[in-house]
Amino acid sequence: MFRRKRHPGDQAHTQGLPQEIAWGTARRALSWNQLWRDIRSAVRALRRERAFAAFAIFLIGLGAGLLTAMFALVDAVTLRKLDVPDPDSLLHIVTMREGRQSPLPYVLFERLGENLAVADSLCATSNNFVPVTYDGQSMTVFTLFAAGDYYRTMGARPLLGRTLTSADDGPVAVISDAYWRRLGKDPAVIGKTIRAGSVPLTIVGVVPANAHELWRFLRSDMVVPFRIGMLLESVPPEKVFRSNVFASARMIKGITLAQVQHRLDALWPRLLAEMIPPGQSLEEWTRTAGAQARVLPGNRGLVWTDNSLARAAMALFVLAAMVSLAMCSNLAGLFLSRGLSRQTEYALRMALGATRSDVVRHALSEVLVLSVFGGGAAILLAGWLTRLCSAILLLGSSFENMGLDYGVRVDARVAAFAVAAALTTAVAAQIIPALRFSRVDVGDSLRSGRVTMSSRLGGRKAMLAVQVAAAMVLVSGSVFFVRTLQQLARVDGGFRTEGVLVVKLAGRVPFSEAGPEFFQELLRRVRAIPSVAAAGLADRVPMEWNHDTADPITTSYGGNILEAKSDSGCAWPGFFEALKVPVLAGRDFRESDRDTIILTRELAHRLFPGVDPLGSYVRVGKNPQVQTYQVIGLIGDVRFRSPRQEDTRMFFVP
């Protein structure tokens with residue numbers, strides 16, 4: 001039996017790995033302890049310099065808070081996805097009519113449900129504002145009219161009762177959790193009756209708020225079956241199949257948007273050919289329904305506005321970034337000035353053995369402390385600014401307090417952005433001064449006992465250049481913005497707004513049931529008020545039109561057919577007088593008028609060049625829904641959509 005002689009390196013070899021692990025653990029503990037000591041030292045230093053700390057926190061909070069508020073706006077308008085299970089599997093189906101995205105006829109949606117095998121579930125929605133009464137309490141609620149598997153598509157489960165299914169076709173309703181709370185959060189609400197117009201609806205379920213989030217910015221309070229919705233809008237049963245709906249679907253796992261589009265391209269021509277309405281040719285039906293169907297991503301919901309809000313949000317975010325950059329530059333100057341007064345302290349630290357990295361780490365630990373308080377200030381400021389943004393966006397909106405919610409708020413993601421912005425601002429402001437003073441000449445500083453300035457001014461020149469550039473951008477942007485507002489304020493819209501009061505009547509129920517007598521009596525009572533000089537009614541309010549209606553209007557002139565695309569509106573007698581829109585020729589509407597029309601001057605020149613259009617006839621719409629009107633008056637050119645509106649072609653019918 002032999003015993004091998006131990007080699008001197010054996011112990012090191014056998015214990016090398018454990019020693020290495022132990023050393024790494026100790027080093028990490030040392031670094032955490034060192035960080036904690038640096039933070040405690042930074043807190044003590046900042047407590048001695050309260051004025052500096054308060055001003056630094058103010059600059060960090062102001063820059064990061066403004067940037068965070070604008071990020072919250074951009075996030076709500078363009079980035080945030082629907083708060084539903086697996087939003088990326090949602091899609092929307094629209095048709096293309098004359099190059100524009102449009103909803104599809106209900107009859108084609110029904111056929112899609114039978115043939116679109118790549119969809120796990122399919123639904124269609126329409127919507128309107130409906131006045132409802134529950135337990136003696138009346139209000140107007142934004143209501144979805146849903147067909148197909150709406151709640152299965154949204155991935156929603158009820159809080160109480162049940163959801164609607166594709167088999168529901170009767171007078172039932174599901175309400176949102178938010179609307180349920182407004183009704184008093186009655187636990188026995190299931191089975192009770194809510195009256196929409198003259199239609200009694202039985203409440204069968206309560207669902208979370210996100211289950212009604214299909215429309216971006218618009219939150220519905222109630223969902224009813226599609227055919228009940230058509231009943232509320234007084235659509236005859238034989239015309240329901242022509243009603244336009246927005247189709248949405250949830251894709252089967254593993255299916256892509258490209259595969260759904262490929263399937264739809266092959267399916268759409270056959271559906272059009274099979275579902276031609278009586279009395280229409282395939283060509284006319286194709287123009288009405290859309291020659292092509294397109295699939296759109298549905299993870300951010302259906303959008304009823306154009307891209308102007310997104311562009312404005314991005315512009316504000318860029319301006320906020322410039323303000324934050326200016327705050328960062330000012331903060332860097334503050335840190336640099338403070339560092340000059342502490343240059344002897346830094347030299348003494350390095351003379352006692354501190355390294356350059358120790359000095360930088362100590363300076364950044366102060367930044368960490370300031371960032372925590374600055375981030376809290378940024379969150380508070382962002383919360384106030386987001387509420388202000390929401391109030392401004394809702395100011396003057398037709399949907400105010402009736403379902404409109406832009407979702408501009410400080411949530412966990414926005415709060416994380418605020419903290420990151422505060423930390424980035426503070427670190428970016430401190431890094432240059434920290435590196436600058438970590439290169440201090442220890443001997444010179446200790447011998448002289450005073451602060452010495454370096455002859456190299458590159459860092460300070462850079463900070464000054466950043467400040468000047470940011471200030472120039474902000475000042476120039478402000479001047480251009482104010483100048484633009486001044487120019488827009490000078491634009492003549494063709495009507496007068498001084499002394500005009502707008503009263504909005506939301507929804508078509510019960511107006512469609514009441515008939516014209518309802519409006520006649522309403523106008524009679526309003527005109528009887530002593531302070532009212534004139535009163536009228538119209539289906540749209542000036543400067544609140546979000547889209548171009550682009551109705552085709554044609555006439556025969558000199559043996560040729562002249563056509564124009566024009567905005568349109570419906571008006572009662574007295575509307576032009578109330579807005580002081582001049583009637584240039586002919587007359588205003590009368591209550592007995594039916595198939596009459598009033599044109600703006602620009603539209604009349606387009607359709608009747610060089611001749612008097614009064615008494616002539618025009619045709620509005622497309623086959624088979626073309627209607628003939630007689631021109632009874634000309635009004636001045638009006639800009640009802642926007643002060644930026646270039647063309648003023650428009651017509652009104654009674």
# chains A, B, ... in the order shown; residues from 1 in each chain; ligands from 1

call {"tool": "residues_around", "arguments": {"residues": "Thr288 of chain A", "least_positions_apart": "3", "cutoff": "8 Å", "atoms": "only C-alpha atoms", "output": "tab-separated table (two decimals) with C-alpha atoms, in the first residue's frame"}}
result
chain	number	residue	atom	x	y	z
A	97	ARG	CA	-64.53	52.11	-51.86
A	284	GLU	CA	-73.43	48.61	-59.11
A	285	TRP	CA	-73.28	46.20	-56.19

call {"tool": "closest_atom_pairs", "arguments": {"of": "segment 200-293 of chain A", "to": "segment 403-418 of chain A", "cutoff": "7 Å", "atoms": "only C-alpha atoms", "output": "JSON lines"}}
result
{"residue": "A:Phe217", "atom": "CA", "partner": "A:Tyr406", "partner_atom": "CA", "distance": 4.7}
{"residue": "A:Leu218", "atom": "CA", "partner": "A:Leu404", "partner_atom": "CA", "distance": 4.6}
{"residue": "A:Arg219", "atom": "CA", "partner": "A:Gly403", "partner_atom": "CA", "distance": 4.8}
{"residue": "A:Ser220", "atom": "CA", "partner": "A:Gly403", "partner_atom": "CA", "distance": 5.9}

call {"tool": "write_last_selection", "arguments": {"atoms": "C-alpha atoms", "output": "short mmCIF file (atom, residue, chain, number, x, y, z; two decimals), in the first residue's frame"}}
result
data_model
loop_
_atom_site.label_atom_id
_atom_site.label_comp_id
_atom_site.auth_asym_id
_atom_site.auth_seq_id
_atom_site.Cartn_x
_atom_site.Cartn_y
_atom_site.Cartn_z
CA PHE A 217 -61.07 56.11 -27.44
CA LEU A 218 -64.80 55.22 -27.34
CA ARG A 219 -65.91 53.10 -24.40
CA SER A 220 -69.38 51.64 -24.76
#

call {"tool": "residues_around", "arguments": {"residues": "Val84 of chain A", "least_positions_apart": "3", "cutoff": "9 Å", "atoms": "only C-alpha atoms", "output": "ChimeraX atom specification"}}
result
/A:81,87,154-156,210-211,213,299

call {"tool": "atom_distance", "arguments": {"atom1": "atom CA of Gly229 of chain A", "atom2": "atom CA of Thr125 of chain A"}}
result
9.9 Å

call {"tool": "select_by_dssp", "arguments": {"residues": "segment 49-120 of chain A", "states": "alpha helix (DSSP H)", "output": "number ranges by chain"}}
result
A: 50-74, 106-115

call {"tool": "write_last_selection", "arguments": {"atoms": "N, CA and C atoms", "output": "compact mmCIF listing (two decimals), in the first residue's frame"}}
result
# COMPACT_ATOMS: atom_id res chain seq x y z
N ARG A 50 -29.50 72.00 1.12
CA ARG A 50 -30.92 71.81 0.79
C ARG A 50 -31.36 72.65 -0.40
N ALA A 51 -30.84 73.86 -0.50
CA ALA A 51 -31.25 74.73 -1.62
C ALA A 51 -30.82 74.12 -2.95
N PHE A 52 -29.57 73.64 -3.00
CA PHE A 52 -29.11 72.99 -4.22
C PHE A 52 -29.95 71.76 -4.54
N ALA A 53 -30.21 70.91 -3.52
CA ALA A 53 -30.99 69.69 -3.75
C ALA A 53 -32.40 70.01 -4.23
N ALA A 54 -33.04 71.01 -3.62
CA ALA A 54 -34.41 71.36 -4.02
C ALA A 54 -34.45 71.86 -5.46
N PHE A 55 -33.48 72.71 -5.82
CA PHE A 55 -33.48 73.24 -7.18
C PHE A 55 -33.17 72.14 -8.20
N ALA A 56 -32.25 71.23 -7.86
CA ALA A 56 -31.93 70.13 -8.76
C ALA A 56 -33.14 69.22 -8.95
N ILE A 57 -33.85 68.91 -7.85
CA ILE A 57 -35.06 68.08 -7.95
C ILE A 57 -36.11 68.78 -8.79
N PHE A 58 -36.23 70.11 -8.63
CA PHE A 58 -37.18 70.87 -9.44
C PHE A 58 -36.86 70.75 -10.93
N LEU A 59 -35.59 70.92 -11.31
CA LEU A 59 -35.21 70.82 -12.72
C LEU A 59 -35.44 69.42 -13.27
N ILE A 60 -35.08 68.39 -12.48
CA ILE A 60 -35.29 67.01 -12.93
C ILE A 60 -36.78 66.72 -13.08
N GLY A 61 -37.56 67.11 -12.07
CA GLY A 61 -39.00 66.85 -12.13
C GLY A 61 -39.69 67.59 -13.26
N LEU A 62 -39.26 68.84 -13.52
CA LEU A 62 -39.89 69.62 -14.59
C LEU A 62 -39.59 69.00 -15.96
N GLY A 63 -38.32 68.72 -16.22
CA GLY A 63 -37.98 68.15 -17.53
C GLY A 63 -38.56 66.77 -17.72
N ALA A 64 -38.37 65.88 -16.74
CA ALA A 64 -38.87 64.51 -16.88
C ALA A 64 -40.39 64.46 -16.81
N GLY A 65 -41.03 65.33 -16.00
CA GLY A 65 -42.49 65.32 -15.89
C GLY A 65 -43.16 65.74 -17.18
N LEU A 66 -42.65 66.79 -17.80
CA LEU A 66 -43.23 67.23 -19.08
C LEU A 66 -43.04 66.16 -20.15
N LEU A 67 -41.85 65.58 -20.21
CA LEU A 67 -41.59 64.52 -21.19
C LEU A 67 -42.48 63.31 -20.92
N THR A 68 -42.69 62.98 -19.66
CA THR A 68 -43.53 61.83 -19.31
C THR A 68 -44.98 62.06 -19.70
N ALA A 69 -45.47 63.28 -19.46
CA ALA A 69 -46.86 63.58 -19.84
C ALA A 69 -47.06 63.46 -21.34
N MET A 70 -46.10 63.94 -22.13
CA MET A 70 -46.23 63.82 -23.57
C MET A 70 -46.07 62.36 -24.04
N PHE A 71 -45.23 61.60 -23.31
CA PHE A 71 -45.14 60.16 -23.62
C PHE A 71 -46.48 59.47 -23.33
N ALA A 72 -47.13 59.85 -22.23
CA ALA A 72 -48.45 59.28 -21.92
C ALA A 72 -49.45 59.59 -23.03
N LEU A 73 -49.37 60.80 -23.59
CA LEU A 73 -50.27 61.16 -24.70
C LEU A 73 -49.95 60.33 -25.94
N VAL A 74 -48.67 60.22 -26.30
CA VAL A 74 -48.29 59.41 -27.47
C VAL A 74 -48.66 57.95 -27.25
N TYR A 106 -73.94 44.33 -43.96
CA TYR A 106 -74.19 43.27 -42.99
C TYR A 106 -74.38 41.91 -43.67
N VAL A 107 -74.99 41.90 -44.85
CA VAL A 107 -75.23 40.63 -45.53
C VAL A 107 -73.92 39.94 -45.90
N LEU A 108 -72.89 40.70 -46.24
CA LEU A 108 -71.60 40.11 -46.56
C LEU A 108 -70.91 39.61 -45.29
N PHE A 109 -71.12 40.29 -44.16
CA PHE A 109 -70.56 39.78 -42.91
C PHE A 109 -71.14 38.42 -42.57
N GLU A 110 -72.45 38.26 -42.77
CA GLU A 110 -73.06 36.97 -42.48
C GLU A 110 -72.45 35.86 -43.31
N ARG A 111 -72.16 36.13 -44.57
CA ARG A 111 -71.55 35.12 -45.43
C ARG A 111 -70.09 34.89 -45.05
N LEU A 112 -69.41 35.93 -44.56
CA LEU A 112 -68.03 35.74 -44.11
C LEU A 112 -67.97 34.74 -42.96
N GLY A 113 -68.93 34.82 -42.04
CA GLY A 113 -68.94 33.91 -40.92
C GLY A 113 -69.04 32.46 -41.32
N GLU A 114 -69.63 32.20 -42.48
CA GLU A 114 -69.77 30.83 -42.95
C GLU A 114 -68.58 30.36 -43.77
N ASN A 115 -67.73 31.28 -44.24
CA ASN A 115 -66.68 30.89 -45.19
C ASN A 115 -65.26 31.22 -44.75
